[in-house]
file run02.cif (mmCIF, C-alpha atoms)
data_model
#
loop_
_atom_site.group_PDB
_atom_site.id
_atom_site.type_symbol
_atom_site.label_atom_id
_atom_site.label_comp_id
_atom_site.auth_asym_id
_atom_site.auth_seq_id
_atom_site.Cartn_x
_atom_site.Cartn_y
_atom_site.Cartn_z
ATOM 1 C CA MET J 1 56.214 147.308 61.909
ATOM 2 C CA GLU J 2 57.946 150.409 60.566
ATOM 3 C CA GLN J 3 56.722 152.449 63.543
ATOM 4 C CA LEU J 4 58.105 149.793 65.923
ATOM 5 C CA SER J 5 61.503 149.885 64.196
ATOM 6 C CA TYR J 6 61.422 153.672 64.312
ATOM 7 C CA LYS J 7 60.953 153.673 68.099
ATOM 8 C CA ARG J 8 63.366 150.790 68.640
ATOM 9 C CA ASN J 9 66.085 152.813 66.954
ATOM 10 C CA GLY J 10 65.462 155.943 68.983
ATOM 11 C CA GLU J 11 63.697 157.681 66.101
ATOM 12 C CA PHE J 12 67.117 157.581 64.408
ATOM 13 C CA LEU J 13 67.866 160.855 66.166
ATOM 14 C CA HIS J 14 71.451 159.774 66.904
ATOM 15 C CA TYR J 15 72.179 160.392 63.207
ATOM 16 C CA LEU J 16 70.912 163.946 63.575
ATOM 17 C CA ALA J 17 72.954 164.461 66.766
ATOM 18 C CA LYS J 18 76.117 163.252 65.048
ATOM 19 C CA ALA J 19 75.493 165.313 61.909
ATOM 20 C CA GLN J 20 74.987 168.498 63.917
ATOM 21 C CA CYS J 21 78.208 167.961 65.879
ATOM 22 C CA LEU J 22 80.208 167.242 62.748
ATOM 23 C CA ARG J 23 78.882 170.446 61.198
ATOM 24 C CA GLY J 24 80.167 172.410 64.173
ATOM 25 C CA ASN J 25 76.789 172.761 65.886
ATOM 26 C CA SER J 26 77.905 170.988 69.049
ATOM 27 C CA GLU J 27 75.313 172.594 71.330
ATOM 28 C CA ILE J 28 72.443 171.409 69.139
ATOM 29 C CA GLY J 29 73.929 167.969 68.567
ATOM 30 C CA LEU J 30 74.653 167.281 72.229
ATOM 31 C CA THR J 31 71.246 168.597 73.288
ATOM 32 C CA ILE J 32 69.690 166.005 70.978
ATOM 33 C CA LEU J 33 72.018 163.300 72.309
ATOM 34 C CA LYS J 34 71.151 164.185 75.895
ATOM 35 C CA THR J 35 67.430 164.070 75.122
ATOM 36 C CA ILE J 36 67.498 160.642 73.500
ATOM 37 C CA TYR J 37 69.863 159.302 76.175
ATOM 38 C CA GLY J 38 67.231 160.142 78.766
ATOM 39 C CA LYS J 39 64.356 158.849 76.650
ATOM 40 C CA TYR J 40 65.696 155.554 75.303
ATOM 41 C CA GLU J 41 67.394 153.634 78.096
ATOM 42 C CA SER J 42 67.819 150.493 75.989
ATOM 43 C CA LEU J 43 70.082 152.414 73.585
ATOM 44 C CA ARG J 44 72.316 154.031 76.180
ATOM 45 C CA SER J 45 75.284 151.719 75.544
ATOM 46 C CA TYR J 46 75.239 152.788 71.904
ATOM 47 C CA TYR J 47 74.858 156.453 72.792
ATOM 48 C CA ARG J 48 77.892 156.208 75.099
ATOM 49 C CA LEU J 49 80.027 154.993 72.212
ATOM 50 C CA LEU J 50 78.659 157.702 69.944
ATOM 51 C CA PHE J 51 79.501 160.325 72.573
ATOM 52 C CA ARG J 52 83.045 158.939 72.815
ATOM 53 C CA ASP J 53 83.537 159.224 69.056
ATOM 54 C CA LEU J 54 82.182 162.775 69.017
ATOM 55 C CA ILE J 55 84.568 163.715 71.824
ATOM 56 C CA GLN J 56 87.529 162.406 69.848
ATOM 57 C CA ASP J 57 86.462 164.362 66.763
ATOM 58 C CA SER J 58 85.990 167.525 68.802
ATOM 59 C CA VAL J 59 89.438 167.385 70.407
ATOM 60 C CA LEU J 60 91.141 166.570 67.117
ATOM 61 C CA ASN J 61 89.379 169.451 65.340
ATOM 62 C CA ARG J 62 90.842 171.950 67.860
ATOM 63 C CA SER J 63 87.708 174.073 68.315
ATOM 64 C CA GLU J 64 87.953 175.802 71.709
ATOM 65 C CA ALA J 65 84.276 176.770 71.681
ATOM 66 C CA SER J 66 83.255 173.195 70.917
ATOM 67 C CA LEU J 67 85.488 171.828 73.679
ATOM 68 C CA MET J 68 83.765 174.062 76.239
ATOM 69 C CA ILE J 69 80.387 172.758 75.115
ATOM 70 C CA PHE J 70 81.581 169.167 75.386
ATOM 71 C CA LYS J 71 82.950 169.904 78.855
ATOM 72 C CA LYS J 72 79.506 171.123 79.908
ATOM 73 C CA TYR J 73 77.732 168.018 78.626
ATOM 74 C CA VAL J 74 80.129 165.355 79.901
ATOM 75 C CA LEU J 75 79.766 166.886 83.366
ATOM 76 C CA GLU J 76 75.965 166.971 83.021
ATOM 77 C CA PHE J 77 75.840 163.309 81.983
ATOM 78 C CA SER J 78 78.000 162.442 84.984
ATOM 79 C CA GLU J 79 75.978 164.472 87.474
ATOM 80 C CA GLU J 80 72.463 163.731 86.224
ATOM 81 C CA TRP J 81 72.736 160.037 85.309
ATOM 82 C CA SER J 82 75.990 158.925 86.981
ATOM 83 C CA GLU J 83 77.170 158.265 83.434
ATOM 84 C CA HIS J 84 80.889 158.814 83.849
ATOM 85 C CA TYR J 85 82.189 157.131 80.696
ATOM 86 C CA PRO J 86 82.069 160.225 78.425
ATOM 87 C CA LEU J 87 83.691 162.291 81.184
ATOM 88 C CA VAL J 88 86.547 159.818 81.571
ATOM 89 C CA CYS J 89 87.017 159.619 77.793
ATOM 90 C CA PHE J 90 87.127 163.405 77.513
ATOM 91 C CA TRP J 91 89.546 163.734 80.413
ATOM 92 C CA HIS J 92 91.810 160.978 79.086
ATOM 93 C CA ILE J 93 92.196 162.348 75.574
ATOM 94 C CA CYS J 94 92.869 165.852 76.943
ATOM 95 C CA TRP J 95 95.304 164.510 79.542
ATOM 96 C CA ALA J 96 97.276 162.531 76.956
ATOM 97 C CA SER J 97 97.320 165.427 74.479
ATOM 98 C CA THR J 98 100.492 167.356 73.661
ATOM 99 C CA TRP J 99 98.487 170.599 73.472
ATOM 100 C CA PHE J 100 98.760 172.796 76.549
ATOM 101 C CA SER J 101 95.134 173.975 76.271
ATOM 102 C CA ASP J 102 93.932 170.346 76.299
ATOM 103 C CA GLN J 103 96.091 169.583 79.312
ATOM 104 C CA MET J 104 94.625 172.556 81.186
ATOM 105 C CA LEU J 105 91.143 171.377 80.281
ATOM 106 C CA SER J 106 91.894 167.951 81.743
ATOM 107 C CA ASN J 107 92.875 169.682 84.995
ATOM 108 C CA GLU J 108 89.635 171.688 84.963
ATOM 109 C CA LEU J 109 87.622 168.487 84.576
ATOM 110 C CA LEU J 110 89.388 166.950 87.559
ATOM 111 C CA GLU J 111 88.680 170.005 89.678
ATOM 112 C CA ALA J 112 85.021 169.986 88.660
ATOM 113 C CA SER J 113 84.244 166.333 89.357
ATOM 114 C CA GLU J 114 84.913 164.274 92.466
ATOM 115 C CA HIS J 115 83.661 161.237 90.563
ATOM 116 C CA LEU J 116 86.422 161.736 88.018
ATOM 117 C CA GLN J 117 88.974 162.158 90.790
ATOM 118 C CA GLU J 118 87.979 158.788 92.229
ATOM 119 C CA ILE J 119 88.148 157.088 88.833
ATOM 120 C CA VAL J 120 91.571 158.564 88.068
ATOM 121 C CA LYS J 121 92.729 157.516 91.519
ATOM 122 C CA ASP J 122 91.564 153.955 90.898
ATOM 123 C CA LYS J 123 92.981 153.725 87.358
ATOM 124 C CA ALA J 124 96.142 155.821 87.791
ATOM 125 C CA THR J 125 98.563 152.924 87.412
ATOM 126 C CA ALA J 126 96.784 151.578 84.320
ATOM 127 C CA PHE J 127 96.681 155.051 82.755
ATOM 128 C CA SER J 128 100.406 155.556 83.361
ATOM 129 C CA ILE J 129 101.352 152.173 81.886
ATOM 130 C CA SER J 130 99.273 152.941 78.796
ATOM 131 C CA ALA J 131 100.872 156.382 78.387
ATOM 132 C CA LEU J 132 104.399 155.021 78.675
ATOM 133 C CA LYS J 133 103.684 152.467 75.969
ATOM 134 C CA ASP J 134 103.268 155.532 73.749
ATOM 135 C CA TYR J 135 106.452 157.105 75.224
ATOM 136 C CA ASN J 136 104.280 159.840 76.754
ATOM 137 C CA GLU J 137 106.364 160.576 79.855
ATOM 138 C CA ASP J 138 105.000 164.107 80.097
ATOM 139 C CA ALA J 139 101.459 162.819 80.673
ATOM 140 C CA VAL J 140 102.688 160.555 83.473
ATOM 141 C CA VAL J 141 104.526 163.437 85.146
ATOM 142 C CA ARG J 142 101.359 165.548 84.995
ATOM 143 C CA LEU J 143 99.379 162.652 86.441
ATOM 144 C CA LEU J 144 101.849 162.488 89.313
ATOM 145 C CA GLN J 145 101.355 166.196 89.926
ATOM 146 C CA ASN J 146 97.592 165.722 90.089
ATOM 147 C CA LEU J 147 97.899 162.787 92.465
ATOM 148 C CA LEU J 148 99.977 165.003 94.748
ATOM 149 C CA LYS J 149 97.484 167.838 94.441
ATOM 150 C CA TYR J 150 94.616 165.630 95.612
ATOM 151 C CA ASP J 151 96.730 163.926 98.281
ATOM 152 C CA MET J 152 96.550 160.471 96.695
ATOM 153 C CA MET J 153 99.903 159.358 98.039
ATOM 154 C CA SER J 154 99.620 155.586 97.717
ATOM 155 C CA GLU J 155 98.585 155.984 94.073
ATOM 156 C CA TYR J 156 101.374 158.532 93.604
ATOM 157 C CA VAL J 157 103.984 156.028 94.806
ATOM 158 C CA ALA J 158 102.531 153.284 92.573
ATOM 159 C CA VAL J 159 102.724 155.493 89.467
ATOM 160 C CA LEU J 160 106.189 156.713 90.427
ATOM 161 C CA GLN J 161 107.345 153.090 90.604
ATOM 162 C CA VAL J 162 105.940 152.469 87.128
ATOM 163 C CA LEU J 163 107.825 155.486 85.789
ATOM 164 C CA PHE J 164 110.989 154.448 87.583
ATOM 165 C CA ASN J 165 110.814 150.943 86.060
ATOM 166 C CA TYR J 166 110.345 152.537 82.634
ATOM 167 C CA LYS J 167 113.479 154.610 83.103
ATOM 168 C CA LEU J 168 115.388 151.626 84.446
ATOM 169 C CA ARG J 169 114.521 149.636 81.320
ATOM 170 C CA ASN J 170 115.806 152.497 79.196
ATOM 171 C CA ARG J 171 118.884 152.793 81.434
ATOM 172 C CA ASP J 172 118.104 156.468 81.982
ATOM 173 C CA ILE J 173 120.389 157.307 84.900
ATOM 174 C CA ARG J 174 119.505 160.989 85.017
ATOM 175 C CA GLY J 175 115.786 160.280 85.045
ATOM 176 C CA CYS J 176 116.136 157.645 87.769
ATOM 177 C CA THR J 177 118.297 159.980 89.871
ATOM 178 C CA GLU J 178 115.704 162.754 89.612
ATOM 179 C CA ILE J 179 112.997 160.364 90.822
ATOM 180 C CA ILE J 180 115.167 159.278 93.754
ATOM 181 C CA ARG J 181 115.676 162.925 94.731
ATOM 182 C CA ASN J 182 111.955 163.632 94.582
ATOM 183 C CA CYS J 183 111.289 160.600 96.768
ATOM 184 C CA GLU J 184 113.647 162.059 99.359
ATOM 185 C CA VAL J 185 111.864 165.416 99.248
ATOM 186 C CA LEU J 186 108.430 163.822 99.723
ATOM 187 C CA GLY J 187 109.519 161.229 102.262
ATOM 188 C CA VAL J 188 108.451 158.268 100.137
ATOM 189 C CA SER J 189 110.544 155.361 98.950
ATOM 190 C CA LEU J 190 110.795 152.974 96.046
ATOM 191 C CA SER J 191 110.944 149.214 96.512
ATOM 192 C CA SER J 192 114.207 147.665 97.676
ATOM 193 C CA SER J 193 114.367 145.808 94.351
ATOM 194 C CA GLN J 194 114.169 149.057 92.383
ATOM 195 C CA GLN J 195 116.779 150.709 94.567
ATOM 196 C CA GLY J 196 119.058 147.707 94.064
ATOM 197 C CA LYS J 197 118.674 147.847 90.289
ATOM 198 C CA TYR J 198 119.417 151.562 90.353
ATOM 199 C CA LEU J 199 122.636 151.027 92.331
ATOM 200 C CA THR J 200 123.682 148.249 89.961
ATOM 201 C CA MET J 201 123.114 150.550 86.995
ATOM 202 C CA LEU J 202 125.237 153.268 88.629
ATOM 203 C CA ILE J 203 128.072 150.805 89.232
ATOM 204 C CA GLU J 204 127.909 149.509 85.665
ATOM 205 C CA ASP J 205 127.902 153.060 84.359
ATOM 206 C CA ARG J 206 131.115 153.855 86.225
ATOM 207 C CA LYS J 207 132.764 150.723 84.895
ATOM 208 C CA ASN J 208 131.539 151.149 81.329
ATOM 209 C CA PRO J 209 130.496 154.799 80.868
ATOM 210 C CA ASP J 210 130.137 154.505 77.093
ATOM 211 C CA GLU J 211 127.807 151.501 77.183
ATOM 212 C CA ILE J 212 124.983 152.899 79.307
ATOM 213 C CA LYS J 213 122.772 154.909 77.000
ATOM 214 C CA THR J 214 119.077 155.670 76.926
ATOM 215 C CA LYS J 215 117.106 153.785 74.307
ATOM 216 C CA VAL J 216 114.744 156.686 73.699
ATOM 217 C CA PRO J 217 115.560 160.375 73.246
ATOM 218 C CA PHE J 218 116.210 161.907 76.670
ATOM 219 C CA LYS J 219 113.606 164.326 77.952
ATOM 220 C CA ASN J 220 114.393 166.609 80.840
ATOM 221 C CA PHE J 221 112.505 165.078 83.744
ATOM 222 C CA LYS J 222 111.521 167.142 86.689
ATOM 223 C CA LEU J 223 108.521 166.951 88.945
ATOM 224 C CA LYS J 224 106.924 170.244 89.885
ATOM 225 C CA PHE J 225 105.341 170.894 93.253
#
call {"tool": "encode", "arguments": {"input": "run02.cif", "output": "structure tokens"}}
result
Amino acid sequence: MEQLSYKRNGEFLHYLAKAQCLRGNSEIGLTILKTIYGKYESLRSYYRLLFRDLIQDSVLNRSEASLMIFKKYVLEFSEEWSEHYPLVCFWHICWASTWFSDQMLSNELLEASEHLQEIVKDKATAFSISALKDYNEDAVVRLLQNLLKYDMMSEYVAVLQVLFNYKLRNRDIRGCTEIIRNCEVLGVSLSSSQQGKYLTMLIEDRKNPDEIKTKVPFKNFKLKF
């Protein structure tokens, strides 16, 4: 009975994998995790969640060497088993980070994986809505830049509309105007409803210049090409 429980729980090696990672031995810990992921298919859903938690700890601990090791393994899981969940988790936390090094790492992951590109393309609108709930406009702007880079224009327009609505709600005239200008440069357009709301806001601003104020601290908004 004890032997059966031992096997059913993957020889409890996930505890060893986690302990090694938390001690800073990421290469050893993730090697163990990769081995048991391949060996115990019935436990893969649990191992995915464990990998996600280890990724979060690694990014928060700010170890550049550890991050490179995690990058290697999330890509290996994706390529060898079509297990994209750890890759998406790693990309997302780096993309949403305020640290420049994390943001660059998220770009490297996108460049390295076409699977990730397709997932980001499919989930771009959802990712942008989630980021704006946390007032993370910078992440949305960087997502827009990546969508342009990989020529995902329909997704680009969808995310741009989400950002424009966010700025409309906050009555951010400067931010809305910058988006309008970028639309003109790229030859894309917002919905007629959004354009109408923008014009209404401009008219109201001219009538009552002291009443139109942003509800959140203004951040200089500019798309880069």
call {"tool": "atom_distance", "arguments": {"input": "run02.cif", "atom1": "CA of Glu155 (chain J)", "atom2": "CA of Leu202 (chain J)"}}
result
27.3 Å
call {"tool": "resolve_selection", "arguments": {"input": "run02.cif", "expression": "the PyMOL selection byres ((chain J and resi 109) around 12)", "output": "PyMOL selection string"}}
result
chain J and resi 67-68+70-76+78+84+86-95+102-108+110-117+120+146
call {"tool": "resolve_selection", "arguments": {"input": "run02.cif", "expression": "the PyMOL selection byres ((chain J and resi 191) around 12)", "output": "PyMOL selection string"}}
result
chain J and resi 157-158+160-162+164-165+180+183+188-190+192-198
call {"tool": "write_last_selection", "arguments": {"input": "run02.cif", "atoms": "C-alpha atoms", "output": "PDB file, keeping the file's coordinate frame"}}
result
ATOM      1  CA  VAL J 157     103.984 156.028  94.806  1.00  0.00           C
ATOM      2  CA  ALA J 158     102.531 153.284  92.573  1.00  0.00           C
ATOM      3  CA  LEU J 160     106.189 156.713  90.427  1.00  0.00           C
ATOM      4  CA  GLN J 161     107.345 153.090  90.604  1.00  0.00           C
ATOM      5  CA  VAL J 162     105.940 152.469  87.128  1.00  0.00           C
ATOM      6  CA  PHE J 164     110.989 154.448  87.583  1.00  0.00           C
ATOM      7  CA  ASN J 165     110.814 150.943  86.060  1.00  0.00           C
ATOM      8  CA  ILE J 180     115.167 159.278  93.754  1.00  0.00           C
ATOM      9  CA  CYS J 183     111.289 160.600  96.768  1.00  0.00           C
ATOM     10  CA  VAL J 188     108.451 158.268 100.137  1.00  0.00           C
ATOM     11  CA  SER J 189     110.544 155.361  98.950  1.00  0.00           C
ATOM     12  CA  LEU J 190     110.795 152.974  96.046  1.00  0.00           C
ATOM     13  CA  SER J 192     114.207 147.665  97.676  1.00  0.00           C
ATOM     14  CA  SER J 193     114.367 145.808  94.351  1.00  0.00           C
ATOM     15  CA  GLN J 194     114.169 149.057  92.383  1.00  0.00           C
ATOM     16  CA  GLN J 195     116.779 150.709  94.567  1.00  0.00           C
ATOM     17  CA  GLY J 196     119.058 147.707  94.064  1.00  0.00           C
ATOM     18  CA  LYS J 197     118.674 147.847  90.289  1.00  0.00           C
ATOM     19  CA  TYR J 198     119.417 151.562  90.353  1.00  0.00           C
TER      20      TYR J 198
END
call {"tool": "resolve_selection", "arguments": {"input": "run02.cif", "expression": "the PyMOL selection byres ((chain J and resi 49-55) around 12)", "output": "PyMOL selection string"}}
result
chain J and resi 13-26+29-34+37+43-48+56-63+66-71+73-74+77+83-94
call {"tool": "residues_around", "arguments": {"input": "run02.cif", "residues": "Lys7 (chain J)", "least_positions_apart": "3", "cutoff": "12 Å", "atoms": "all atoms listed in the file", "output": "list in words"}}
result
Met1, Glu2, Gln3, Leu4, Gly10, Glu11, Phe12, Leu13, Ile36, Lys39, Tyr40, Glu41, Ser42 and Leu43 of chain J
call {"tool": "atom_distance", "arguments": {"input": "run02.cif", "atom1": "CA of Ser97 (chain J)", "atom2": "CA of Asn136 (chain J)"}}
result
9.2 Å
call {"tool": "atom_distance", "arguments": {"input": "run02.cif", "atom1": "CA of Leu199 (chain J)", "atom2": "CA of Arg142 (chain J)"}}
result
26.8 Å
call {"tool": "build_atoms", "arguments": {"input": "run02.cif", "residues": "region 118-142 of chain J", "atoms": "N, CA, C and O atoms", "output": "tab-separated table (two decimals), keeping the file's coordinate frame"}}
result
chain	number	residue	atom	x	y	z
J	118	GLU	N	87.96	160.15	91.71
J	118	GLU	CA	87.98	158.79	92.23
J	118	GLU	C	88.34	157.77	91.15
J	118	GLU	O	89.06	156.80	91.40
J	119	ILE	N	87.84	158.00	89.94
J	119	ILE	CA	88.15	157.09	88.83
J	119	ILE	C	89.63	157.17	88.47
J	119	ILE	O	90.29	156.14	88.26
J	120	VAL	N	90.15	158.39	88.39
J	120	VAL	CA	91.57	158.56	88.07
J	120	VAL	C	92.43	157.95	89.17
J	120	VAL	O	93.46	157.31	88.89
J	121	LYS	N	92.01	158.12	90.40
J	121	LYS	CA	92.73	157.52	91.52
J	121	LYS	C	92.78	156.00	91.38
J	121	LYS	O	93.83	155.37	91.55
J	122	ASP	N	91.65	155.41	91.02
J	122	ASP	CA	91.56	153.96	90.90
J	122	ASP	C	92.34	153.42	89.70
J	122	ASP	O	92.91	152.32	89.75
J	123	LYS	N	92.39	154.19	88.61
J	123	LYS	CA	92.98	153.72	87.36
J	123	LYS	C	94.34	154.36	87.07
J	123	LYS	O	94.88	154.20	85.97
J	124	ALA	N	94.91	155.06	88.04
J	124	ALA	CA	96.14	155.82	87.79
J	124	ALA	C	97.27	154.95	87.26
J	124	ALA	O	97.98	155.34	86.31
J	125	THR	N	97.47	153.80	87.86
J	125	THR	CA	98.56	152.92	87.41
J	125	THR	C	98.34	152.45	85.98
J	125	THR	O	99.25	152.47	85.15
J	126	ALA	N	97.10	152.04	85.68
J	126	ALA	CA	96.78	151.58	84.32
J	126	ALA	C	96.96	152.70	83.30
J	126	ALA	O	97.49	152.48	82.21
J	127	PHE	N	96.52	153.91	83.66
J	127	PHE	CA	96.68	155.05	82.76
J	127	PHE	C	98.16	155.33	82.49
J	127	PHE	O	98.55	155.63	81.35
J	128	SER	N	98.99	155.25	83.53
J	128	SER	CA	100.41	155.56	83.36
J	128	SER	C	101.10	154.50	82.50
J	128	SER	O	101.94	154.83	81.66
J	129	ILE	N	100.77	153.24	82.70
J	129	ILE	CA	101.35	152.17	81.89
J	129	ILE	C	101.00	152.37	80.41
J	129	ILE	O	101.85	152.25	79.52
J	130	SER	N	99.73	152.71	80.17
J	130	SER	CA	99.27	152.94	78.80
J	130	SER	C	100.01	154.11	78.16
J	130	SER	O	100.43	154.05	77.00
J	131	ALA	N	100.19	155.20	78.92
J	131	ALA	CA	100.87	156.38	78.39
J	131	ALA	C	102.33	156.09	78.06
J	131	ALA	O	102.86	156.54	77.03
J	132	LEU	N	102.98	155.32	78.90
J	132	LEU	CA	104.40	155.02	78.68
J	132	LEU	C	104.60	154.09	77.49
J	132	LEU	O	105.66	154.10	76.87
J	133	LYS	N	103.60	153.29	77.18
J	133	LYS	CA	103.68	152.47	75.97
J	133	LYS	C	103.76	153.35	74.73
J	133	LYS	O	104.30	152.95	73.69
J	134	ASP	N	103.21	154.56	74.85
J	134	ASP	CA	103.27	155.53	73.75
J	134	ASP	C	104.40	156.53	73.96
J	134	ASP	O	104.43	157.59	73.31
J	135	TYR	N	105.32	156.24	74.90
J	135	TYR	CA	106.45	157.10	75.22
J	135	TYR	C	106.00	158.49	75.69
J	135	TYR	O	106.70	159.48	75.48
J	136	ASN	N	104.83	158.56	76.31
J	136	ASN	CA	104.28	159.84	76.75
J	136	ASN	C	104.63	160.07	78.23
J	136	ASN	O	103.78	160.01	79.12
J	137	GLU	N	105.91	160.34	78.49
J	137	GLU	CA	106.36	160.58	79.86
J	137	GLU	C	105.74	161.84	80.45
J	137	GLU	O	105.45	161.89	81.65
J	138	ASP	N	105.54	162.84	79.62
J	138	ASP	CA	105.00	164.11	80.10
J	138	ASP	C	103.62	163.91	80.73
J	138	ASP	O	103.31	164.51	81.77
J	139	ALA	N	102.79	163.07	80.12
J	139	ALA	CA	101.46	162.82	80.67
J	139	ALA	C	101.56	162.15	82.04
J	139	ALA	O	100.79	162.46	82.96
J	140	VAL	N	102.52	161.24	82.20
J	140	VAL	CA	102.69	160.56	83.47
J	140	VAL	C	103.16	161.53	84.56
J	140	VAL	O	102.69	161.48	85.70
J	141	VAL	N	104.06	162.43	84.19
J	141	VAL	CA	104.53	163.44	85.15
J	141	VAL	C	103.37	164.33	85.58
J	141	VAL	O	103.21	164.64	86.76
J	142	ARG	N	102.51	164.72	84.64
J	142	ARG	CA	101.36	165.55	85.00
J	142	ARG	C	100.36	164.77	85.84
J	142	ARG	O	99.70	165.34	86.74
